[in-house]
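Source file: protein-v6.txt; contents: compact mmCIF, C-alpha atoms.
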# COMPACT_ATOMS: atom_id res chain seq x y z
CA MET A 1 -336.49 121.54 80.56
CA GLU A 2 -335.52 118.66 82.85
CA ALA A 3 -338.51 116.65 81.64
CA VAL A 4 -337.56 117.12 77.99
CA VAL A 5 -333.91 116.19 78.61
CA SER A 6 -334.90 113.13 80.66
CA TYR A 7 -337.28 111.98 77.92
CA GLY A 8 -334.63 112.45 75.24
CA LEU A 9 -331.99 110.49 77.17
CA ALA A 10 -334.44 107.67 77.91
CA HIS A 11 -335.50 107.26 74.27
CA ARG A 12 -332.25 107.81 72.38
CA SER A 13 -330.43 104.94 70.68
CA LEU A 14 -326.75 104.24 71.31
CA ASP A 15 -326.50 101.42 68.76
CA ALA A 16 -324.33 101.44 65.63
CA ILE A 17 -321.90 104.11 66.85
CA GLN A 18 -318.75 103.78 64.73
CA ALA A 19 -316.75 106.95 65.51
CA ILE A 20 -316.44 108.98 68.70
CA GLY A 21 -314.48 112.05 69.78
CA VAL A 22 -313.29 112.56 73.36
CA ASP A 23 -312.27 115.94 74.74
CA GLU A 24 -312.68 118.28 77.69
CA VAL A 25 -314.27 121.69 78.03
CA GLN A 26 -313.76 124.24 80.77
CA TYR A 27 -317.01 125.25 82.44
CA ARG A 28 -315.68 127.27 85.39
CA ARG A 29 -312.54 129.15 86.28
CA GLY A 30 -309.73 127.42 88.11
CA HIS A 31 -309.25 124.38 85.87
CA GLN A 32 -312.81 123.09 86.26
CA TYR A 33 -313.34 120.73 83.32
CA LEU A 34 -316.01 118.46 81.90
CA THR A 35 -315.27 115.33 79.88
CA VAL A 36 -317.38 115.27 76.72
CA VAL A 37 -317.88 112.48 74.18
CA TYR A 38 -319.39 113.06 70.74
CA GLN A 39 -320.57 110.76 67.99
CA LEU A 40 -318.67 111.66 64.81
CA ASP A 41 -320.32 109.37 62.25
CA SER A 42 -320.80 111.02 58.88
CA GLY A 43 -324.18 112.76 58.79
CA TYR A 44 -324.92 111.93 62.43
CA ARG A 45 -322.96 114.02 64.91
CA ARG A 46 -324.22 114.60 68.42
CA LEU A 47 -323.23 114.91 72.06
CA LEU A 48 -323.32 111.49 73.75
CA TYR A 49 -321.98 112.09 77.22
CA VAL A 50 -320.88 114.72 79.74
CA GLY A 51 -318.83 113.78 82.79
CA LYS A 52 -317.45 115.85 85.64
CA LYS A 53 -313.67 116.48 85.63
CA ARG A 54 -311.23 114.88 83.17
CA THR A 55 -310.11 111.71 84.88
CA VAL A 56 -310.13 107.98 84.21
CA LYS A 57 -313.31 107.65 86.25
CA SER A 58 -315.15 110.42 84.38
CA LEU A 59 -314.50 108.77 80.99
CA LEU A 60 -314.99 105.27 82.36
CA ARG A 61 -318.62 106.09 83.13
CA PHE A 62 -319.22 106.62 79.38
CA PHE A 63 -317.93 103.17 78.48
CA TRP A 64 -319.84 101.75 81.42
CA GLU A 65 -323.11 103.23 80.09
CA LEU A 66 -322.32 102.25 76.51
CA ALA A 67 -321.80 98.58 77.47
CA GLN A 68 -319.18 96.18 76.11
CA VAL A 69 -321.08 95.09 72.98
CA ARG A 70 -321.41 98.69 71.74
CA CYS A 71 -317.79 99.47 72.66
CA GLN A 72 -316.65 96.64 70.40
CA ALA A 73 -318.50 98.26 67.46
CA ILE A 74 -316.47 101.49 67.68
CA GLU A 75 -314.05 101.77 64.75
CA TYR A 76 -312.53 105.24 65.24
CA VAL A 77 -311.70 107.34 68.29
CA CYS A 78 -310.35 110.92 68.21
CA SER A 79 -308.77 112.40 71.32
CA ASP A 80 -305.95 114.58 72.54
CA MET A 81 -302.83 113.37 74.39
CA TRP A 82 -304.31 113.48 77.88
CA ARG A 83 -302.83 110.34 79.45
CA PRO A 84 -305.91 109.09 81.37
CA TYR A 85 -307.92 109.18 78.13
CA LEU A 86 -305.23 107.34 76.16
CA LYS A 87 -304.93 104.51 78.68
CA LEU A 88 -308.66 103.95 79.08
CA ILE A 89 -309.47 104.12 75.35
CA LYS A 90 -306.76 101.54 74.66
CA LYS A 91 -308.31 99.25 77.26
CA LYS A 92 -312.01 99.69 76.48
CA ALA A 93 -311.86 100.00 72.66
CA PRO A 94 -308.64 98.21 71.61
CA GLN A 95 -310.03 97.39 68.16
CA ALA A 96 -310.64 101.05 67.29
CA LEU A 97 -308.23 103.18 65.28
CA HIS A 98 -307.15 105.82 67.79
CA ILE A 99 -306.54 109.08 65.93
CA LEU A 100 -304.33 111.91 67.12
CA ASP A 101 -304.73 114.46 64.38
CA ARG A 102 -303.30 117.69 63.07
CA PHE A 103 -305.17 120.04 65.40
CA HIS A 104 -303.52 118.97 68.67
CA ILE A 105 -300.05 118.61 67.15
CA VAL A 106 -300.17 122.09 65.61
CA VAL A 107 -301.31 123.57 68.93
CA LEU A 108 -298.34 121.99 70.72
CA LEU A 109 -295.87 123.14 68.08
CA ASN A 110 -297.23 126.69 68.21
CA LYS A 111 -296.79 126.69 71.99
CA ALA A 112 -293.15 125.63 71.54
CA VAL A 113 -292.52 128.39 68.97
CA ASP A 114 -294.12 130.98 71.22
CA GLU A 115 -292.04 129.83 74.18
CA VAL A 116 -288.86 130.30 72.13
CA ARG A 117 -290.02 133.80 71.19
CA ARG A 118 -290.86 134.77 74.79
CA GLN A 119 -287.50 133.52 76.04
CA GLU A 120 -285.74 135.54 73.37
CA VAL A 121 -287.76 138.67 74.16
CA ARG A 122 -286.57 138.47 77.77
CA ARG A 123 -282.98 137.85 76.70
CA LEU A 124 -282.89 140.81 74.28
CA LYS A 125 -284.34 143.10 76.92
CA ARG A 126 -281.91 141.87 79.58
CA ASP A 127 -278.85 142.29 77.33
CA GLY A 128 -279.87 145.74 76.10
CA TYR A 129 -280.49 144.84 72.44
CA GLU A 130 -283.16 146.39 70.25
CA GLU A 131 -286.52 144.83 71.10
CA VAL A 132 -287.37 143.77 67.54
CA LEU A 133 -289.74 141.00 68.69
CA THR A 134 -292.22 143.35 70.34
CA HIS A 135 -295.82 142.61 69.22
CA SER A 136 -294.61 139.80 66.97
CA ARG A 137 -296.43 136.86 68.53
CA TYR A 138 -299.06 136.35 65.85
CA CYS A 139 -296.55 136.93 63.07
CA PHE A 140 -294.98 133.60 64.05
CA LEU A 141 -298.16 131.71 64.99
CA LYS A 142 -300.56 132.54 62.15
CA ASN A 143 -300.57 130.84 58.79
CA GLU A 144 -299.03 133.08 56.15
CA SER A 145 -302.36 133.38 54.33
CA ASN A 146 -304.03 134.71 57.49
CA LEU A 147 -301.54 137.49 58.24
CA THR A 148 -302.67 141.09 58.02
CA ASP A 149 -300.64 143.40 55.78
CA ARG A 150 -298.92 144.90 58.81
CA GLN A 151 -298.07 141.48 60.26
CA ALA A 152 -296.75 140.28 56.89
CA MET A 153 -294.44 143.31 56.65
CA GLN A 154 -293.21 142.81 60.21
CA LEU A 155 -292.56 139.11 59.55
CA ASP A 156 -290.55 139.92 56.40
CA GLU A 157 -288.37 142.26 58.46
CA LEU A 158 -287.87 139.71 61.25
CA LEU A 159 -286.81 137.00 58.81
CA GLN A 160 -283.75 139.12 58.00
CA TYR A 161 -282.42 138.63 61.55
CA ASP A 162 -280.49 135.66 62.88
CA LEU A 163 -282.87 134.94 65.74
CA LYS A 164 -283.83 131.76 67.55
CA SER A 165 -287.46 132.74 67.03
CA VAL A 166 -286.91 132.78 63.28
CA ARG A 167 -285.34 129.30 63.39
CA ALA A 168 -288.32 128.02 65.38
CA TYR A 169 -290.73 129.63 62.90
CA LEU A 170 -288.98 128.06 59.91
CA LEU A 171 -289.13 124.65 61.58
CA LYS A 172 -292.85 125.14 62.19
CA GLU A 173 -293.44 126.05 58.56
CA GLY A 174 -291.34 123.08 57.43
CA CYS A 175 -293.49 120.74 59.51
CA GLN A 176 -296.57 121.75 57.48
CA GLY A 177 -295.42 119.44 54.67
CA PHE A 178 -296.05 116.43 56.91
CA TRP A 179 -299.81 116.91 56.71
CA GLN A 180 -299.84 117.05 52.91
CA TYR A 181 -298.97 113.37 52.49
CA SER A 182 -301.57 110.70 51.80
CA SER A 183 -299.33 107.70 52.41
CA PRO A 184 -298.61 106.87 56.08
CA TYR A 185 -295.22 105.46 55.04
CA TRP A 186 -293.95 108.61 53.35
CA ALA A 187 -295.49 110.82 56.02
CA GLU A 188 -293.53 108.91 58.65
CA ARG A 189 -290.32 109.19 56.63
CA PHE A 190 -290.81 112.95 56.35
CA LEU A 191 -291.45 113.23 60.09
CA GLN A 192 -288.28 111.30 60.93
CA LEU A 193 -286.16 113.70 58.86
CA TRP A 194 -287.90 116.73 60.34
CA ARG A 195 -287.32 115.44 63.87
CA VAL A 196 -283.59 115.23 63.22
CA ARG A 197 -283.50 118.85 62.06
CA ALA A 198 -285.56 119.97 65.05
CA MET A 199 -283.34 118.19 67.57
CA ARG A 200 -280.26 119.82 66.03
CA SER A 201 -281.81 123.28 66.40
CA LYS A 202 -280.73 123.51 70.07
CA LEU A 203 -284.10 125.09 70.89
CA ASP A 204 -285.26 123.48 74.12
CA PRO A 205 -289.04 124.03 73.69
CA VAL A 206 -288.88 122.59 70.17
CA LYS A 207 -286.82 119.61 71.38
CA LYS A 208 -289.41 119.00 74.10
CA PHE A 209 -292.12 119.01 71.42
CA VAL A 210 -290.13 116.47 69.37
CA LYS A 211 -289.89 114.13 72.38
CA THR A 212 -293.65 114.37 72.85
CA ILE A 213 -294.55 113.50 69.26
CA ARG A 214 -291.98 110.69 69.28
CA ARG A 215 -293.96 109.04 72.08
CA HIS A 216 -297.26 109.51 70.25
CA GLN A 217 -296.14 108.93 66.66
CA PRO A 218 -298.19 105.71 66.14
CA LEU A 219 -301.38 107.63 66.97
CA MET A 220 -300.39 110.42 64.59
CA MET A 221 -300.04 107.90 61.78
CA CYS A 222 -303.61 106.71 62.42
CA TRP A 223 -304.87 110.01 61.00
CA PHE A 224 -303.50 108.98 57.61
CA LYS A 225 -304.76 105.41 57.99
CA ALA A 226 -308.26 106.82 58.54
CA LYS A 227 -307.92 108.73 55.22
CA LYS A 228 -308.11 112.07 57.11
CA VAL A 229 -311.88 111.64 57.44
CA PHE A 230 -312.08 112.02 61.23
CA SER A 231 -310.31 114.73 63.17
CA ALA A 232 -310.40 116.60 66.44
CA GLY A 233 -311.32 119.69 64.43
CA ILE A 234 -314.88 118.31 64.38
CA VAL A 235 -314.73 117.89 68.16
CA GLU A 236 -313.46 121.44 68.68
CA GLY A 237 -316.31 122.78 66.56
CA LEU A 238 -318.83 120.97 68.78
CA ASN A 239 -317.02 122.27 71.87
CA ARG A 240 -317.58 125.80 70.63
CA LYS A 241 -321.32 125.12 70.60
CA ILE A 242 -321.11 124.16 74.27
CA ASN A 243 -319.18 127.34 74.99
CA LEU A 244 -321.82 129.35 73.12
CA VAL A 245 -324.60 127.82 75.21
CA THR A 246 -322.63 128.63 78.36
CA ARG A 247 -322.21 132.26 77.31
CA LYS A 248 -325.89 132.61 76.44
CA ALA A 249 -326.77 131.30 79.89
CA TYR A 250 -324.28 133.73 81.48
CA GLY A 251 -322.25 130.79 82.76
CA TYR A 252 -323.08 127.76 84.88
CA ARG A 253 -322.18 127.76 88.57
CA SER A 254 -322.79 124.11 89.36
CA TYR A 255 -322.66 120.68 87.79
CA ASP A 256 -325.69 118.43 88.20
CA VAL A 257 -326.28 116.21 85.20
CA LEU A 258 -325.67 112.56 86.14
CA GLY A 259 -328.22 112.34 88.92
CA ASP A 260 -327.84 109.47 91.36
CA LEU A 261 -326.03 107.04 89.05
CA PRO A 262 -323.46 105.00 90.99
CA GLU A 263 -319.78 105.62 90.40
CA PRO A 264 -318.08 102.94 88.27
CA GLU A 265 -315.63 100.75 90.09
CA LEU A 266 -312.00 101.05 88.97
CA THR A 267 -311.38 97.31 88.87
CA HIS A 268 -309.16 95.32 86.54
CA SER A 269 -312.19 94.50 84.40
CA PHE A 270 -312.59 98.20 83.57
CA CYS A 271 -309.07 99.68 83.65

Produce structure tokens that represent the structure in this file.
Amino acid sequence: MEAVVSYGLAHRSLDAIQAIGVDEVQYRRGHQYLTVVYQLDSGYRRLLYVGKKRTVKSLLRFFWELAQVRCQAIEYVCSDMWRPYLKLIKKKAPQALHILDRFHIVVLLNKAVDEVRRQEVRRLKRDGYEEVLTHSRYCFLKNESNLTDRQAMQLDELLQYDLKSVRAYLLKEGCQGFWQYSSPYWAERFLQLWRVRAMRSKLDPVKKFVKTIRRHQPLMMCWFKAKKVFSAGIVEGLNRKINLVTRKAYGYRSYDVLGDLPEPELTHSFC
């Protein structure tokens, strides 16, 4: 197996890479992550790199191996909002359109909605009110088309109440319209109006989400500029293949993939 992998790495071509996706996968318990980089070119998607941990140094090794000439050929980069990734991508591939797409934003908004719900569950229980939000998590997080009949009925009942969780859910559903636009200009206008409504909701987790997307709004707009062709959804699909391999192998207990390659220096020329 090692001979086959070594042969494949030695004879593969890293030229003409136009789109890459950067993410992390958990390979052990206790926040043990690997940095992974995929090629996302249409019709040619593959794993390019695996690095230990999710730090500046772990991603820097990829750009170090790719070399400056190939880095300059990259046109699109998809990633999440992990700060070390954002800073290094901006430095090593400044010409690329850095895309922060729907997947990561929706995940963050769902977390904010669920936090509102959990806070309200505790408050209702503490104040002795009827616990109407019991087993309602997925009613608020799923798309309406994916609800089971029972969840749809429960959601209809909950929407009759004046609850903070209901306000958060309605804001989440209202945000879906943002992704339907094709024009970056009108999408940004819509987002500005939605942000005002969300900040007036007095829901702290939702307000925290708004502050986060305000900082990253230029990257969100890049998804529209790229004509919605590239997204982190592709990256997540490839991550699931890694997870499947890990499960088939009954887990991996150690990390030994980069051999004796020297660590890249974190000098001003790299960072």

Exercise: range 115-131 of chain A partners within 12 Å, only C-alpha atoms, chain neighbours under 2 positions left out, as a ChimeraX atom specification: /A:108-113,133-141,158,161-169,171-172,201-209

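Nearest-residue note for Ala226 in chain A: choosing from A:Leu193, A:Leu9, A:Val37, A:Leu97, the minimum distance belongs to A:Leu97, counting all atoms listed in the file.
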
Contact residues around Lys92 in chain A with only C-alpha atoms at 12 Å, ignoring same-chain residues under 6 positions, as a PyMOL selection string: chain A and resi 56+59-64+66-74+77+85-86+98+268-271

Who sits within 9 Å of range 183-185 of chain A, all atoms listed in the file, same chain under 2 positions skipped, as a PyMOL selection string: chain A and resi 181+187-190+221-225

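For the choices A:Met81, A:Val36, A:Leu88, A:Val25, the atom-to-atom distance to Arg215 in chain A is smallest for A:Met81 when using only C-alpha atoms.
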
Counting all atoms listed in the file, the option among A:Leu40, A:Ala10, A:Ala96, A:Leu47 closest to Leu219 in chain A: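 Smallest distance to Leu219 in chain A is found for A:Ala96.
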
Selected residue of minimal separation from Thr246 in chain A among A:Arg28, A:His11, A:Arg200, A:Arg54, counting all atoms listed in the file: A:Arg28
